[in-house]
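For reference, work_30.cif (mmCIF, C-alpha atoms):
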data_final
#
loop_
_atom_site.label_atom_id
_atom_site.label_comp_id
_atom_site.auth_asym_id
_atom_site.auth_seq_id
_atom_site.Cartn_x
_atom_site.Cartn_y
_atom_site.Cartn_z
CA MET A 1 0.00 0.00 0.00
CA ASP A 2 1.35 3.42 -0.94
CA HIS A 3 1.23 6.41 1.37
CA PHE A 4 2.04 9.94 0.25
CA MET A 5 4.45 12.30 1.98
CA ASN A 6 4.48 16.10 1.64
CA GLU A 7 5.83 19.32 3.19
CA THR A 8 2.62 19.99 5.12
CA GLN A 9 3.03 16.72 7.01
CA LEU A 10 6.63 17.60 7.82
CA GLU A 11 5.62 20.97 9.24
CA GLN A 12 2.89 19.38 11.34
CA PHE A 13 5.44 16.84 12.60
CA ARG A 14 7.82 19.64 13.58
CA GLN A 15 5.01 21.29 15.54
CA LYS A 16 4.30 18.00 17.30
CA LEU A 17 7.94 17.70 18.36
CA ALA A 18 7.89 21.30 19.60
CA GLU A 19 4.78 20.54 21.69
CA GLU A 20 6.70 17.61 23.21
CA GLU A 21 9.39 20.16 24.18
CA LYS A 22 12.06 18.52 22.07
CA SER A 23 15.19 20.63 21.69
CA LYS A 24 15.67 22.83 18.63
CA ARG A 25 18.66 20.72 17.67
CA THR A 26 16.55 17.53 17.72
CA ILE A 27 13.74 19.13 15.73
CA ASP A 28 16.19 20.44 13.13
CA LYS A 29 17.87 17.03 12.87
CA TYR A 30 14.55 15.29 12.25
CA GLY A 31 13.65 17.95 9.70
CA ARG A 32 16.89 17.46 7.74
CA ASP A 33 16.54 13.67 7.70
CA LEU A 34 12.91 13.76 6.62
CA ARG A 35 13.47 16.35 3.90
CA ALA A 36 16.37 14.31 2.52
CA PHE A 37 14.03 11.32 2.27
CA LEU A 38 11.27 13.43 0.70
CA HIS A 39 13.73 14.77 -1.87
CA TRP A 40 14.81 11.20 -2.67
CA LEU A 41 11.18 10.16 -3.20
CA GLY A 42 10.76 12.69 -5.99
CA LYS A 43 7.58 14.42 -7.16
CA SER A 44 5.19 11.57 -6.39
CA GLY A 45 6.08 11.42 -2.69
CA ALA A 46 4.88 7.79 -2.65
CA VAL A 47 6.04 5.74 0.32
CA ASN A 48 5.86 2.00 0.97
CA LYS A 49 7.99 -0.61 2.74
CA THR A 50 9.92 -1.57 -0.41
CA ILE A 51 10.80 2.06 -1.11
CA VAL A 52 11.98 2.62 2.46
CA ILE A 53 14.16 -0.51 2.35
CA GLY A 54 15.69 0.77 -0.90
CA TYR A 55 16.45 4.08 0.78
CA LYS A 56 18.03 2.25 3.71
CA GLU A 57 20.35 0.37 1.34
CA ARG A 58 21.31 3.62 -0.37
CA LEU A 59 22.16 5.22 2.99
CA LEU A 60 24.37 2.27 3.91
CA GLU A 61 26.40 2.86 0.75
CA ARG A 62 27.12 6.46 1.73
CA TYR A 63 27.13 6.77 5.53
CA ALA A 64 28.43 5.11 8.67
CA VAL A 65 26.02 2.67 10.32
CA SER A 66 25.48 4.94 13.34
CA SER A 67 24.43 7.78 11.02
CA VAL A 68 22.13 5.48 9.04
CA ASN A 69 20.40 4.29 12.21
CA SER A 70 19.90 7.88 13.31
CA MET A 71 18.25 8.75 9.98
CA LEU A 72 16.09 5.62 10.03
CA ALA A 73 14.97 6.40 13.59
CA ALA A 74 13.73 9.80 12.37
CA LEU A 75 11.79 8.15 9.54
CA ASN A 76 10.27 5.53 11.84
CA ARG A 77 9.16 8.18 14.31
CA PHE A 78 7.50 10.13 11.49
CA PHE A 79 5.82 6.98 10.10
CA LYS A 80 4.40 6.13 13.54
CA GLU A 81 3.03 9.64 13.86
CA GLN A 82 1.28 9.21 10.50
CA GLY A 83 0.04 5.72 11.37
CA TRP A 84 2.09 4.17 8.55
CA TYR A 85 3.21 1.17 10.59
CA ASP A 86 3.61 -0.94 7.45
CA CYS A 87 6.53 1.34 6.43
CA LEU A 88 8.62 0.82 9.56
CA VAL A 89 12.09 -0.65 8.97
CA LYS A 90 14.55 -2.29 11.32
CA LEU A 91 17.67 -0.43 12.36
CA VAL A 92 21.02 -1.94 11.42
CA ARG A 93 22.33 -4.18 14.18
CA VAL A 94 25.83 -3.27 15.30
CA GLN A 95 28.03 -5.10 17.76
CA ARG A 96 29.22 -2.71 20.42
CA GLU A 97 32.86 -1.77 19.96
CA ALA A 98 35.19 -2.79 22.79
CA PHE A 99 37.48 0.20 22.29
CA ARG A 100 37.59 3.68 20.81
CA SER A 101 39.39 4.58 17.61
CA GLN A 102 42.83 5.87 18.55
CA GLU A 103 42.86 8.09 15.46
CA LYS A 104 39.99 10.15 16.88
CA GLU A 105 40.92 10.02 20.57
CA LEU A 106 42.16 13.27 22.12
CA SER A 107 44.84 12.69 24.76
CA ARG A 108 45.35 14.73 27.91
CA GLU A 109 48.58 16.14 26.45
CA GLU A 110 46.87 17.14 23.20
CA TYR A 111 44.12 18.86 25.17
CA PHE A 112 46.69 20.99 27.00
CA HIS A 113 48.41 21.74 23.70
CA LEU A 114 45.08 23.14 22.44
CA VAL A 115 44.58 25.27 25.55
CA ASP A 116 48.17 26.55 25.39
CA ALA A 117 47.72 27.38 21.71
CA ALA A 118 44.57 29.36 22.46
CA GLU A 119 46.44 31.27 25.18
CA ARG A 120 49.38 32.06 22.88
CA LEU A 121 47.01 33.35 20.21
CA GLY A 122 45.24 35.56 22.72
CA LYS A 123 41.99 33.61 22.48
CA LYS A 124 41.06 33.75 26.17
CA ARG A 125 37.38 33.02 25.66
CA LEU A 126 38.19 29.87 23.68
CA SER A 127 40.77 28.80 26.28
CA TYR A 128 38.30 29.12 29.16
CA LEU A 129 35.53 27.53 27.11
CA MET A 130 37.61 24.42 26.40
CA GLN A 131 38.74 24.22 30.02
CA THR A 132 35.14 24.51 31.19
CA LEU A 133 33.98 21.70 28.89
CA CYS A 134 36.86 19.44 29.88
CA ALA A 135 36.88 20.16 33.63
CA THR A 136 33.12 19.63 34.04
CA GLY A 137 32.16 17.21 31.27
CA ILE A 138 29.18 19.33 30.22
CA ARG A 139 27.75 19.40 26.70
CA ILE A 140 28.05 22.46 24.45
CA SER A 141 24.29 22.92 24.75
CA GLU A 142 24.79 23.37 28.50
CA LEU A 143 27.31 26.20 28.22
CA PRO A 144 24.65 28.95 28.63
CA PHE A 145 24.16 27.70 32.21
CA ILE A 146 27.76 28.63 33.04
CA THR A 147 26.89 32.06 34.39
CA VAL A 148 28.52 34.69 36.56
CA GLU A 149 26.17 33.62 39.34
CA ALA A 150 27.16 29.96 38.89
CA ALA A 151 30.87 30.82 39.05
CA LYS A 152 30.27 32.73 42.29
CA ARG A 153 28.38 29.76 43.77
CA GLY A 154 30.81 27.15 42.50
CA SER A 155 28.01 25.20 40.82
CA ALA A 156 25.70 25.53 37.82
CA VAL A 157 22.09 24.35 37.67
CA VAL A 158 21.50 22.84 34.22
CA ARG A 159 17.91 22.57 32.99
CA LEU A 160 17.43 20.86 29.61
CA LYS A 161 14.93 18.44 28.08
CA GLY A 162 12.80 18.42 31.22
CA LYS A 163 15.75 17.39 33.41
CA THR A 164 17.63 19.36 36.05
CA ARG A 165 21.03 18.58 37.49
CA THR A 166 23.74 20.44 39.39
CA VAL A 167 27.22 20.70 37.85
CA LEU A 168 30.09 21.40 40.21
CA LEU A 169 32.66 23.94 39.05
CA PRO A 170 36.26 23.61 40.31
CA PRO A 171 37.39 26.63 42.41
CA ALA A 172 40.30 27.42 40.07
CA LEU A 173 37.92 27.44 37.08
CA CYS A 174 35.49 29.74 38.92
CA GLU A 175 38.30 32.18 39.66
CA SER A 176 39.37 32.24 36.00
CA LEU A 177 35.81 32.65 34.74
CA LEU A 178 35.03 35.49 37.12
CA GLY A 179 38.25 37.24 36.15
CA TYR A 180 37.37 36.88 32.48
CA ALA A 181 33.83 38.16 33.11
CA VAL A 182 35.16 41.28 34.84
CA GLN A 183 37.58 41.88 31.97
CA LYS A 184 34.74 41.64 29.42
CA GLY A 185 32.25 43.63 31.47
CA ILE A 186 29.93 40.65 31.96
CA ARG A 187 28.22 41.33 35.28
CA THR A 188 25.43 38.77 35.13
CA GLY A 189 24.15 35.85 33.09
CA SER A 190 26.01 33.56 30.69
CA ILE A 191 29.76 34.02 30.43
CA PHE A 192 30.33 32.45 27.01
CA VAL A 193 28.50 34.84 24.74
CA THR A 194 29.16 36.71 21.51
CA ARG A 195 29.76 40.46 21.34
CA SER A 196 26.01 40.94 20.93
CA GLY A 197 25.34 38.89 24.07
CA ARG A 198 23.98 35.80 22.33
CA PRO A 199 25.01 32.25 23.34
CA MET A 200 27.91 30.97 21.25
CA ASP A 201 26.94 28.83 18.26
CA ARG A 202 28.05 25.17 18.15
CA SER A 203 29.48 25.45 14.64
CA ASN A 204 31.44 28.60 15.49
CA ILE A 205 32.97 26.90 18.52
CA LEU A 206 33.99 23.93 16.40
CA HIS A 207 35.48 26.23 13.75
CA GLU A 208 37.49 28.18 16.34
CA MET A 209 38.83 24.98 17.87
CA LYS A 210 39.83 23.52 14.49
CA LYS A 211 41.83 26.68 13.74
CA LEU A 212 44.13 25.77 16.66
CA SER A 213 45.33 22.62 14.87
CA ALA A 214 48.56 23.96 13.36
CA GLU A 215 49.55 26.03 16.39
CA ALA A 216 48.84 23.16 18.80
CA GLY A 217 50.27 20.39 16.62
CA VAL A 218 47.07 18.35 16.98
CA GLU A 219 45.33 16.64 14.06
CA LYS A 220 42.05 18.30 13.06
CA GLY A 221 40.28 14.93 13.14
CA LYS A 222 40.73 14.86 16.92
CA ILE A 223 39.54 18.40 17.52
CA PHE A 224 35.86 18.75 18.29
CA PRO A 225 34.08 19.87 21.49
CA HIS A 226 32.53 16.52 22.36
CA ASN A 227 36.01 15.00 22.65
CA LEU A 228 36.55 17.20 25.72
CA ARG A 229 33.54 15.56 27.35
CA HIS A 230 35.03 12.16 26.49
CA LEU A 231 38.35 13.15 28.03
CA PHE A 232 36.63 14.24 31.25
CA ALA A 233 34.76 10.92 31.43
CA CYS A 234 37.84 8.77 30.74
CA THR A 235 40.02 10.70 33.19
CA TYR A 236 37.41 10.49 35.94
CA TYR A 237 36.78 6.78 35.38
CA GLU A 238 40.48 5.91 35.32
CA MET A 239 40.86 7.65 38.68
CA GLU A 240 37.66 6.63 40.49
CA LYS A 241 36.34 3.52 38.66
CA ASP A 242 32.82 4.62 39.65
CA ILE A 243 30.62 4.45 36.55
CA THR A 244 27.38 5.14 38.46
CA HIS A 245 28.63 8.46 39.82
CA LEU A 246 30.13 9.31 36.43
CA ALA A 247 26.71 8.76 34.81
CA ASP A 248 25.27 11.29 37.26
CA LEU A 249 28.04 13.79 36.50
CA LEU A 250 27.47 13.46 32.74
CA GLY A 251 23.70 13.68 33.08
CA HIS A 252 23.08 10.22 31.62
CA SER A 253 19.89 8.36 32.45
CA SER A 254 21.45 5.05 31.39
CA ILE A 255 24.80 3.60 32.43
CA ASN A 256 24.99 1.91 29.02
CA THR A 257 25.44 5.37 27.52
CA THR A 258 28.20 6.13 30.01
CA ARG A 259 30.08 2.95 29.06
CA ILE A 260 30.65 4.41 25.59
CA TYR A 261 32.52 7.30 27.19
CA THR A 262 34.76 5.07 29.30
CA MET A 263 36.07 2.76 26.57
CA SER A 264 39.85 2.73 26.41
CA SER A 265 41.73 3.03 23.13
CA GLY A 266 42.60 0.04 20.95
CA LYS A 267 46.26 0.52 21.89
CA GLU A 268 45.45 0.16 25.58
CA GLN A 269 43.26 -2.89 24.86
CA ALA A 270 46.17 -4.50 22.99
CA ARG A 271 48.49 -3.94 25.97
CA GLN A 272 45.94 -5.48 28.33
CA ILE A 273 45.54 -8.54 26.11
CA GLU A 274 49.32 -8.90 25.76
CA ARG A 275 49.70 -8.98 29.55
CA LEU A 276 47.58 -12.14 29.64
CA GLY A 277 50.68 -14.07 28.52
CA LEU A 278 48.82 -16.63 26.42
CA LEU A 279 51.27 -16.86 23.51
CA LEU A 280 53.90 -19.62 23.30
CA ASP A 281 56.77 -17.14 22.79
CA GLU A 282 55.66 -15.24 25.88
CA LYS A 283 55.62 -18.49 27.89
CA LYS A 284 59.24 -19.26 26.86
CA THR A 285 60.48 -15.85 27.93
CA ALA A 286 58.50 -15.78 31.17
#

Would you put the structure from the file into structure tokens?
Amino acid sequence: MDHFMNETQLEQFRQKLAEEEKSKRTIDKYGRDLRAFLHWLGKSGAVNKTIVIGYKERLLERYAVSSVNSMLAALNRFFKEQGWYDCLVKLVRVQREAFRSQEKELSREEYFHLVDAAERLGKKRLSYLMQTLCATGIRISELPFITVEAAKRGSAVVRLKGKTRTVLLPPALCESLLGYAVQKGIRTGSIFVTRSGRPMDRSNILHEMKKLSAEAGVEKGKIFPHNLRHLFACTYYEMEKDITHLADLLGHSSINTTRIYTMSSGKEQARQIERLGLLLDEKKTA
């Protein structure tokens, strides 16, 4: 049975997500994924299970499995909203990786190289921003909650997606942030803002960080804000080995999500396996 998809349905779906208090980022993501599918359908806009499976196969030829599953999840949510249950497709099953890709992993030393580079280039705001992300483990979307008032208290109250949690701010970080705020004439509210007082844009932050690559001697493929959150999680877990508390600090509702952040690199996994001493040559030299 064919169903027919159009722009009016997409707009109504966006309104539904807004009523559910989904974040702007989530709504925009769904919108992009659905419009890409609608464009692929062509003028007819006809949708059925066979067509959706064909689209799934096309996505797998062009994107990573995690990206494909994200796009398919958007389609399935839209289909359910329309009552098109016969169009639902299964996500691609993926075995969970036991370690992170070393090529994309940002080390502690590389992080400090980035901060030092920002300082040398006179980019104080970027320096403090990166230190804030890495020292607290917060998401970029939570930066607006790092306010003058929060720095004075030593803690920030983060309210997003219907959830509230308290993020502790290290005393040394608070001192630096308050000093920066005074220097920039920021007396109240969010500290990381543009000249016009607006919250900093995610893409601009990423662009500024990438520009540090040459000065810091760090590969661009390792430089993105979310890697600072990963570094916080890995550093904390290596020190405390308390995944439940780490989940609370990161604002995760599921420990399974937190496990992704605590995976060691493939290099470390190889060293751990080598220490098992299960090879004949290792037995002879033992």

Running the PyMOL selection byres ((chain A and resi 16-31) around 10) on this model by hand, what would come out? Give it as a PyMOL selection string. chain A and resi 10-15+32-37+70-71+73-75+77-78+81+141+160-162

If you count all atoms listed in the file, which residues fall within 12 Å of A:Arg187, apart from same-chain ones fewer than 2 positions away, as a short mmCIF file (atom, residue, chain, number, x, y, z; two decimals) with C-alpha atoms, in the frame of the given file?
data_model
loop_
_atom_site.label_atom_id
_atom_site.label_comp_id
_atom_site.auth_asym_id
_atom_site.auth_seq_id
_atom_site.Cartn_x
_atom_site.Cartn_y
_atom_site.Cartn_z
CA THR A 147 26.89 32.06 34.39
CA VAL A 148 28.52 34.69 36.56
CA GLU A 149 26.17 33.62 39.34
CA ALA A 150 27.16 29.96 38.89
CA ALA A 151 30.87 30.82 39.05
CA LYS A 152 30.27 32.73 42.29
CA LEU A 177 35.81 32.65 34.74
CA LEU A 178 35.03 35.49 37.12
CA GLY A 179 38.25 37.24 36.15
CA TYR A 180 37.37 36.88 32.48
CA ALA A 181 33.83 38.16 33.11
CA VAL A 182 35.16 41.28 34.84
CA GLN A 183 37.58 41.88 31.97
CA LYS A 184 34.74 41.64 29.42
CA GLY A 185 32.25 43.63 31.47
CA GLY A 189 24.15 35.85 33.09
CA SER A 190 26.01 33.56 30.69
CA ILE A 191 29.76 34.02 30.43
CA GLY A 197 25.34 38.89 24.07
#

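Taking atom CA of A:Ile205 as the reference point, atom CA of A:Leu72 is found at 28.5 Å.
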
Selected residue of minimal separation from A:Ser203 among A:Ile140, A:Ala135, A:Arg58, A:Leu173, counting all atoms listed in the file: A:Ile140

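Here atom CA of A:Glu7 stands at a distance of 27.1 Å from atom CA of A:Val65.
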
Can you translate the PyMOL selection byres ((chain A and resi 246) around 8) into the concrete residues it hits in this file, as a ChimeraX atom specification? /A:233,236-237,242-245,247-250,258

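Between atom CA of A:Glu57 and atom CA of A:Asn256 lies a distance of 28.1 Å.
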
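Proximity ranking of A:Lys241, A:Lys56, A:Glu175, A:Tyr128 relative to A:Asn76 places A:Lys56 first, based on only C-alpha atoms.
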
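Closest approach to A:Val94 from the set A:Asn69, A:Gln82, A:Gln9, A:Ser107 is made by A:Asn69, with distances taken over all atoms listed in the file.
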
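Of the listed residues A:His39, A:Lys211, A:Arg159, A:Arg259, the one whose atoms come nearest to A:Leu121 is A:Lys211, with distances taken using only C-alpha atoms.
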
Missing atoms in stretch 225-236 of chain A: can you complete it with all heavy atoms, as a PDB file, keeping the file's coordinate frame?
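Here's the written file selection23.pdb:
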ATOM      1  N   PRO A 225      34.465  19.651  20.084  1.00  0.00           N
ATOM      2  CA  PRO A 225      34.080  19.870  21.490  1.00  0.00           C
ATOM      3  C   PRO A 225      33.709  18.620  22.264  1.00  0.00           C
ATOM      4  O   PRO A 225      34.055  18.484  23.439  1.00  0.00           O
ATOM      5  CB  PRO A 225      32.887  20.831  21.365  1.00  0.00           C
ATOM      6  CG  PRO A 225      33.115  21.552  20.088  1.00  0.00           C
ATOM      7  CD  PRO A 225      33.727  20.545  19.165  1.00  0.00           C
ATOM      8  N   HIS A 226      33.009  17.692  21.618  1.00  0.00           N
ATOM      9  CA  HIS A 226      32.530  16.520  22.360  1.00  0.00           C
ATOM     10  C   HIS A 226      33.686  15.653  22.851  1.00  0.00           C
ATOM     11  O   HIS A 226      33.534  14.895  23.817  1.00  0.00           O
ATOM     12  CB  HIS A 226      31.594  15.694  21.471  1.00  0.00           C
ATOM     13  CG  HIS A 226      30.648  14.841  22.257  1.00  0.00           C
ATOM     14  ND1 HIS A 226      29.643  15.368  23.036  1.00  0.00           N
ATOM     15  CD2 HIS A 226      30.554  13.488  22.401  1.00  0.00           C
ATOM     16  CE1 HIS A 226      28.972  14.386  23.617  1.00  0.00           C
ATOM     17  NE2 HIS A 226      29.506  13.239  23.245  1.00  0.00           N
ATOM     18  N   ASN A 227      34.851  15.763  22.198  1.00  0.00           N
ATOM     19  CA  ASN A 227      36.010  15.000  22.650  1.00  0.00           C
ATOM     20  C   ASN A 227      36.471  15.446  24.034  1.00  0.00           C
ATOM     21  O   ASN A 227      37.111  14.685  24.761  1.00  0.00           O
ATOM     22  CB  ASN A 227      37.161  15.121  21.643  1.00  0.00           C
ATOM     23  CG  ASN A 227      37.499  13.778  21.019  1.00  0.00           C
ATOM     24  OD1 ASN A 227      36.905  12.763  21.370  1.00  0.00           O
ATOM     25  ND2 ASN A 227      38.451  13.759  20.116  1.00  0.00           N
ATOM     26  N   LEU A 228      36.194  16.703  24.385  1.00  0.00           N
ATOM     27  CA  LEU A 228      36.550  17.200  25.720  1.00  0.00           C
ATOM     28  C   LEU A 228      35.688  16.524  26.779  1.00  0.00           C
ATOM     29  O   LEU A 228      36.152  16.236  27.885  1.00  0.00           O
ATOM     30  CB  LEU A 228      36.387  18.718  25.774  1.00  0.00           C
ATOM     31  CG  LEU A 228      37.239  19.500  24.758  1.00  0.00           C
ATOM     32  CD1 LEU A 228      36.937  20.994  24.846  1.00  0.00           C
ATOM     33  CD2 LEU A 228      38.726  19.241  24.981  1.00  0.00           C
ATOM     34  N   ARG A 229      34.436  16.288  26.445  1.00  0.00           N
ATOM     35  CA  ARG A 229      33.540  15.560  27.350  1.00  0.00           C
ATOM     36  C   ARG A 229      34.019  14.118  27.522  1.00  0.00           C
ATOM     37  O   ARG A 229      33.998  13.567  28.623  1.00  0.00           O
ATOM     38  CB  ARG A 229      32.117  15.612  26.788  1.00  0.00           C
ATOM     39  CG  ARG A 229      31.035  14.939  27.617  1.00  0.00           C
ATOM     40  CD  ARG A 229      29.678  15.378  27.074  1.00  0.00           C
ATOM     41  NE  ARG A 229      28.581  14.494  27.380  1.00  0.00           N
ATOM     42  CZ  ARG A 229      27.837  14.563  28.487  1.00  0.00           C
ATOM     43  NH1 ARG A 229      28.120  15.471  29.415  1.00  0.00           N
ATOM     44  NH2 ARG A 229      26.814  13.732  28.674  1.00  0.00           N
ATOM     45  N   HIS A 230      34.462  13.507  26.424  1.00  0.00           N
ATOM     46  CA  HIS A 230      35.030  12.160  26.490  1.00  0.00           C
ATOM     47  C   HIS A 230      36.257  12.125  27.387  1.00  0.00           C
ATOM     48  O   HIS A 230      36.427  11.204  28.192  1.00  0.00           O
ATOM     49  CB  HIS A 230      35.411  11.686  25.083  1.00  0.00           C
ATOM     50  CG  HIS A 230      34.309  10.981  24.366  1.00  0.00           C
ATOM     51  ND1 HIS A 230      33.987   9.664  24.586  1.00  0.00           N
ATOM     52  CD2 HIS A 230      33.430  11.415  23.428  1.00  0.00           C
ATOM     53  CE1 HIS A 230      32.973   9.307  23.813  1.00  0.00           C
ATOM     54  NE2 HIS A 230      32.615  10.359  23.099  1.00  0.00           N
ATOM     55  N   LEU A 231      37.122  13.112  27.239  1.00  0.00           N
ATOM     56  CA  LEU A 231      38.350  13.150  28.030  1.00  0.00           C
ATOM     57  C   LEU A 231      38.038  13.278  29.515  1.00  0.00           C
ATOM     58  O   LEU A 231      38.667  12.625  30.355  1.00  0.00           O
ATOM     59  CB  LEU A 231      39.242  14.309  27.563  1.00  0.00           C
ATOM     60  CG  LEU A 231      40.593  14.453  28.274  1.00  0.00           C
ATOM     61  CD1 LEU A 231      41.396  13.163  28.188  1.00  0.00           C
ATOM     62  CD2 LEU A 231      41.383  15.614  27.670  1.00  0.00           C
ATOM     63  N   PHE A 232      37.056  14.119  29.850  1.00  0.00           N
ATOM     64  CA  PHE A 232      36.630  14.240  31.250  1.00  0.00           C
ATOM     65  C   PHE A 232      36.180  12.882  31.776  1.00  0.00           C
ATOM     66  O   PHE A 232      36.581  12.448  32.865  1.00  0.00           O
ATOM     67  CB  PHE A 232      35.488  15.254  31.362  1.00  0.00           C
ATOM     68  CG  PHE A 232      34.780  15.235  32.692  1.00  0.00           C
ATOM     69  CD1 PHE A 232      35.264  15.962  33.763  1.00  0.00           C
ATOM     70  CD2 PHE A 232      33.627  14.463  32.871  1.00  0.00           C
ATOM     71  CE1 PHE A 232      34.620  15.934  34.996  1.00  0.00           C
ATOM     72  CE2 PHE A 232      32.979  14.427  34.096  1.00  0.00           C
ATOM     73  CZ  PHE A 232      33.472  15.166  35.161  1.00  0.00           C
ATOM     74  N   ALA A 233      35.320  12.197  30.994  1.00  0.00           N
ATOM     75  CA  ALA A 233      34.760  10.920  31.430  1.00  0.00           C
ATOM     76  C   ALA A 233      35.855   9.862  31.621  1.00  0.00           C
ATOM     77  O   ALA A 233      35.875   9.151  32.631  1.00  0.00           O
ATOM     78  CB  ALA A 233      33.729  10.430  30.415  1.00  0.00           C
ATOM     79  N   CYS A 234      36.761   9.772  30.661  1.00  0.00           N
ATOM     80  CA  CYS A 234      37.840   8.770  30.740  1.00  0.00           C
ATOM     81  C   CYS A 234      38.766   9.051  31.909  1.00  0.00           C
ATOM     82  O   CYS A 234      39.168   8.135  32.639  1.00  0.00           O
ATOM     83  CB  CYS A 234      38.628   8.745  29.440  1.00  0.00           C
ATOM     84  SG  CYS A 234      37.712   8.074  28.044  1.00  0.00           S
ATOM     85  N   THR A 235      39.118  10.324  32.097  1.00  0.00           N
ATOM     86  CA  THR A 235      40.020  10.700  33.190  1.00  0.00           C
ATOM     87  C   THR A 235      39.386  10.408  34.533  1.00  0.00           C
ATOM     88  O   THR A 235      40.036   9.868  35.441  1.00  0.00           O
ATOM     89  CB  THR A 235      40.385  12.193  33.092  1.00  0.00           C
ATOM     90  OG1 THR A 235      40.939  12.467  31.804  1.00  0.00           O
ATOM     91  CG2 THR A 235      41.408  12.569  34.156  1.00  0.00           C
ATOM     92  N   TYR A 236      38.106  10.749  34.674  1.00  0.00           N
ATOM     93  CA  TYR A 236      37.410  10.490  35.940  1.00  0.00           C
ATOM     94  C   TYR A 236      37.324   8.994  36.216  1.00  0.00           C
ATOM     95  O   TYR A 236      37.600   8.532  37.325  1.00  0.00           O
ATOM     96  CB  TYR A 236      35.997  11.092  35.903  1.00  0.00           C
ATOM     97  CG  TYR A 236      35.212  10.834  37.173  1.00  0.00           C
ATOM     98  CD1 TYR A 236      35.286  11.719  38.242  1.00  0.00           C
ATOM     99  CD2 TYR A 236      34.424   9.690  37.308  1.00  0.00           C
ATOM    100  CE1 TYR A 236      34.591  11.464  39.420  1.00  0.00           C
ATOM    101  CE2 TYR A 236      33.737   9.424  38.481  1.00  0.00           C
ATOM    102  CZ  TYR A 236      33.822  10.324  39.529  1.00  0.00           C
ATOM    103  OH  TYR A 236      33.143  10.072  40.694  1.00  0.00           O
TER     104      TYR A 236
END
